[in-house]
Amino acid sequence: MTYETITFDLADRVATLAINRPTRMNALTPRVFAELTAGIDAALEQGARAIVLTGTGGAFCSGADLVGDARDSGAAPMPRDLGESLDSSYNPFVRKVAALDVPFLTAINGPAVGAGLGLALLGDISVMARSAYVLLAFVNIGLVPDAGATWLVAKGAGRTKALEMALLGERVSAEAALAAGLVTRVVDDAQVLAEAQKLAAKLAAGPSVAIGMIRKQVAAALSMDLEQSLAVERANQTRAGHTRDFAEAVRAFGEKRAPVFEGR
């Protein structure tokens, strides 16, 4: 497939997708979501066992493209009913990422604003550039958080921080985002993508079935009580215990060597 609004790279079972609209600070349009979705599908079809999302240029993603650009085929007028955009583009993509059976990482190379913040925080592991910032900018234009940002910020940083960010609409630095529990790591700007890809490569070489269940198990636990979580753990452990990767790990332990996982 030929992409117009993203770039796609696959190496060592790690797919790297980058939103590629640098003149618009990688603002989101329906075409961006369609190509990101197609890129994920292509990555999985080609054997990717981890996916990294980043942006080109100096931004990760500035959120929805509010005004568009007639010179840009990736742009489109925003509908009068913004809920339609969420139904057709934003929410399906968030649900797709949440349902993945492979780890999803984000390399936050620059500002992550509005819905771009939502995408940045979708990462199971998120690596943020030291000079970058996140911003729940919706209130500044009379809107409310979307793209899962309400849930992601509240679950990551708690009610108080989520309300502060959503109501005041102020920038949060990389270090402050790390301290609040919103991102996983902060590194020098030049290292952000390489660090995310290194972590993705480690996960891609791991027990993929278990990793896929872990990411969903943690998400499920956020809205479960202890008994419900115990039941999920039991069901997943039964499945994990029958994988070839677990059998390989047991053999490797007995043979005093590192296991070689096949992702099965």
# chains A, B, ... in the order shown; residues from 1 in each chain; ligands from 1
>>> residues_around(residues="region 230-241 of chain A", least_positions_apart="5", cutoff="12 Å", atoms="only C-alpha atoms", output="list in words")
Pro207, Ser208, Val209, Ala210, Ile211, Gly212, Met213, Ile214, Arg215, Lys216, Gln217, Val218, Ala219, Ala220, Ala221, Met224, Asp225, Phe246, Ala247, Glu248, Ala249, Val250, Gly263 and Arg264 of chain A
>>> write_last_selection(atoms="N, CA and C atoms", output="CSV table (one decimal), in the first residue's frame")
chain,number,residue,atom,x,y,z
A,207,PRO,N,7.8,-13.8,24.9
A,207,PRO,CA,6.7,-14.7,24.7
A,207,PRO,C,5.4,-14.0,24.3
A,208,SER,N,5.2,-13.9,23.1
A,208,SER,CA,4.1,-13.0,22.5
A,208,SER,C,2.7,-13.3,23.0
A,209,VAL,N,2.4,-14.6,23.2
A,209,VAL,CA,1.0,-14.9,23.7
A,209,VAL,C,0.8,-14.3,25.1
A,210,ALA,N,1.8,-14.6,25.9
A,210,ALA,CA,1.7,-14.0,27.3
A,210,ALA,C,1.7,-12.5,27.3
A,211,ILE,N,2.5,-11.9,26.5
A,211,ILE,CA,2.6,-10.4,26.5
A,211,ILE,C,1.3,-9.9,26.0
A,212,GLY,N,0.6,-10.5,25.0
A,212,GLY,CA,-0.7,-10.0,24.6
A,212,GLY,C,-1.7,-10.1,25.7
A,213,MET,N,-1.7,-11.2,26.4
A,213,MET,CA,-2.6,-11.3,27.5
A,213,MET,C,-2.3,-10.4,28.7
A,214,ILE,N,-1.1,-10.1,28.9
A,214,ILE,CA,-0.7,-9.2,30.0
A,214,ILE,C,-1.3,-7.8,29.8
A,215,ARG,N,-1.1,-7.3,28.5
A,215,ARG,CA,-1.6,-5.9,28.3
A,215,ARG,C,-3.1,-5.8,28.4
A,216,LYS,N,-3.8,-6.8,28.1
A,216,LYS,CA,-5.3,-6.8,28.2
A,216,LYS,C,-5.7,-7.1,29.7
A,217,GLN,N,-4.9,-7.9,30.3
A,217,GLN,CA,-5.2,-8.2,31.7
A,217,GLN,C,-5.1,-7.0,32.6
A,218,VAL,N,-4.1,-6.2,32.4
A,218,VAL,CA,-3.9,-5.0,33.2
A,218,VAL,C,-5.0,-4.0,32.9
A,219,ALA,N,-5.3,-3.8,31.6
A,219,ALA,CA,-6.4,-2.9,31.3
A,219,ALA,C,-7.7,-3.4,31.9
A,220,ALA,N,-8.0,-4.7,31.9
A,220,ALA,CA,-9.2,-5.2,32.5
A,220,ALA,C,-9.2,-4.9,34.0
A,221,ALA,N,-8.1,-5.1,34.7
A,221,ALA,CA,-8.0,-5.0,36.1
A,221,ALA,C,-8.4,-3.6,36.6
A,224,MET,N,-12.0,-3.7,37.5
A,224,MET,CA,-12.5,-5.0,38.2
A,224,MET,C,-12.2,-4.9,39.7
A,225,ASP,N,-13.0,-5.7,40.4
A,225,ASP,CA,-12.6,-5.9,41.8
A,225,ASP,C,-11.6,-7.1,41.9
A,246,PHE,N,6.0,-21.3,27.0
A,246,PHE,CA,6.2,-21.7,28.4
A,246,PHE,C,7.0,-23.0,28.5
A,247,ALA,N,6.7,-23.9,27.6
A,247,ALA,CA,7.4,-25.2,27.6
A,247,ALA,C,8.9,-25.0,27.3
A,248,GLU,N,9.2,-24.0,26.4
A,248,GLU,CA,10.6,-23.7,26.1
A,248,GLU,C,11.3,-23.1,27.3
A,249,ALA,N,10.5,-22.2,28.0
A,249,ALA,CA,11.1,-21.6,29.2
A,249,ALA,C,11.5,-22.6,30.3
A,250,VAL,N,10.6,-23.6,30.5
A,250,VAL,CA,10.9,-24.6,31.4
A,250,VAL,C,12.1,-25.4,31.0
A,263,GLY,N,6.9,-17.1,20.1
A,263,GLY,CA,5.6,-16.3,20.1
A,263,GLY,C,4.4,-17.2,19.9
A,264,ARG,N,4.5,-18.5,20.3
A,264,ARG,CA,3.4,-19.5,20.2
A,264,ARG,C,3.3,-20.3,21.5
>>> atom_distance(atom1="CA of Trp151 (chain A)", atom2="CA of Ala48 (chain A)")
27.6 Å
>>> atom_distance(atom1="CA of Arg159 (chain A)", atom2="CA of Gly55 (chain A)")
28.6 Å
>>> residues_around(residues="Ala43 (chain A)", least_positions_apart="4", cutoff="8 Å", atoms="only C-alpha atoms", output="mmCIF file with N, CA, C and O atoms, in the first residue's frame")
data_model
loop_
_atom_site.group_PDB
_atom_site.id
_atom_site.type_symbol
_atom_site.label_atom_id
_atom_site.label_comp_id
_atom_site.auth_asym_id
_atom_site.auth_seq_id
_atom_site.Cartn_x
_atom_site.Cartn_y
_atom_site.Cartn_z
ATOM 1 N N LEU A 10 9.310 -1.849 8.796
ATOM 2 C CA LEU A 10 9.282 -3.107 9.536
ATOM 3 C C LEU A 10 10.678 -3.699 9.545
ATOM 4 O O LEU A 10 11.263 -3.942 8.487
ATOM 5 N N ALA A 15 7.366 -3.071 13.912
ATOM 6 C CA ALA A 15 6.825 -2.127 12.927
ATOM 7 C C ALA A 15 6.829 -0.732 13.535
ATOM 8 O O ALA A 15 6.387 -0.545 14.673
ATOM 9 N N GLY A 39 -1.815 0.342 8.319
ATOM 10 C CA GLY A 39 -0.432 0.051 8.668
ATOM 11 C C GLY A 39 -0.329 -1.004 9.755
ATOM 12 O O GLY A 39 0.535 -1.893 9.695
ATOM 13 N N GLY A 47 4.097 -10.281 10.167
ATOM 14 C CA GLY A 47 4.767 -10.926 11.282
ATOM 15 C C GLY A 47 5.286 -10.034 12.385
ATOM 16 O O GLY A 47 6.076 -10.488 13.237
ATOM 17 N N ALA A 48 4.867 -8.780 12.428
ATOM 18 C CA ALA A 48 5.327 -7.893 13.498
ATOM 19 C C ALA A 48 4.864 -8.420 14.851
ATOM 20 O O ALA A 48 3.729 -8.857 15.007
ATOM 21 N N ILE A 51 4.700 -2.948 17.898
ATOM 22 C CA ILE A 51 4.419 -1.791 17.042
ATOM 23 C C ILE A 51 4.798 -0.522 17.796
ATOM 24 O O ILE A 51 4.482 -0.364 18.982
#
>>> select_by_dssp(residues="region 142-262 of chain A", states="strand (DSSP E or B)", output="number ranges by chain")
A: 172-173, 185-187
>>> select_by_dssp(residues="region 79-213 of chain A", states="helix (DSSP H, G or I)", output="NGL selection string")
:A and (82-98 or 115-121 or 138-141 or 149-157 or 159-168 or 174-180 or 189-204 or 208-213)
>>> closest_residue(among="A:Ala190, A:Leu182, A:Met25, A:Ala11", to="Asp65 (chain A)", atoms="only C-alpha atoms")
A:Met25
>>> closest_residue(among="A:Ala162, A:Met128, A:Leu121, A:Ile108", to="Arg185 (chain A)", atoms="only C-alpha atoms")
A:Met128
>>> atom_distance(atom1="CA of Thr54 (chain A)", atom2="CA of Gly116 (chain A)")
10.4 Å
